[in-house]
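The structure appears right after this line, and notes come after that.
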Amino acid sequence: MKLESDNNKKLKDFFGREYESLKVYVNTKISTTVNRNAEDIVQDVALKLFSGADRYAPINNVAGFVYRSIKNKIIDVMRTTKRMDSIDKRSDLLEFADILCESVEDYPSDQMVLMLKKGIDQLKPAYRDIIIAVDFEGYSYKEISQETGIPIGTLMSRRHRAIGILYKKIELENN
């Protein structure tokens, strides 16, 4: 129990002294929006750290431990927000349409964009995630594999199947 009280005490002291500095740090890394609030990020990290304090080895460098945790949370928030926003870029959807169709002239651009958005939204989550990550966010299969632990071949397979499903949906709309 001594470990738990030491880690909790160190974290409590650090957050008590540095709370405002942590919010400033988060604000320098991201702009505050509805999905990106510095205080929410700091509080989420604090909650996670306090709830797991008894599972950690003795924390010697509290500042480094907390700042690294906050940095990781910021990355998570930015990726999640980017994922939500990335599919709305019309130019990206039109470029993706080039992958699916030999000739995009079969559809007016607005119609193609709406069909792709609808089709991507209807994909299974694993298929939708790989399409968004590779084709809209620019992640490589290797990066995704390292982050998720899913083999590269599986990721490539999922993307291939997702593109096939989208292609069939477009073909059905065309007929």
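Each chain of the structure tokens is named A, B, ... in the order shown, its residues numbered from 1; ligands are numbered from 1 in display order.
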Near-Ile120 in chain A list (9 Å; only C-alpha atoms; drop same-chain fewer than 6 positions) as a list in words: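 Once the adjacent positions are removed, what remains is Ile87, Tyr127, Arg128, Ile131, Ile132, Ala162 and Leu166 of chain A.
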Surrounding residues of range 14-27 of chain A excluding itself and chain neighbours under 5 positions, 12 Å, only C-alpha atoms, as an MDAnalysis selection string: chainID A and resid 7:9 32:33 36:47 49:50 59 61:75 77:78
Which residue of A:Asn60, A:Glu171, A:Arg158, A:Gly52 approaches Asp129 in chain A most closely, using only C-alpha atoms: A:Arg158
Shell of 10 Å around Glu173 in chain A, only C-alpha atoms, local chain residues under 5 positions omitted, as a list of chain:residue names: A:Met115, A:Tyr167, A:Lys168
Atomic separation - CA of Ser145 in chain A relative to CA of Tyr56 in chain A, Å: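 For CA of Tyr56 in chain A relative to CA of Ser145 in chain A, the distance reads 26.8 Å.
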CA of Lys169 in chain A to CA of Leu116 in chain A, distance in Å rounded to a single decimal: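 It comes out at 9.1 Å.
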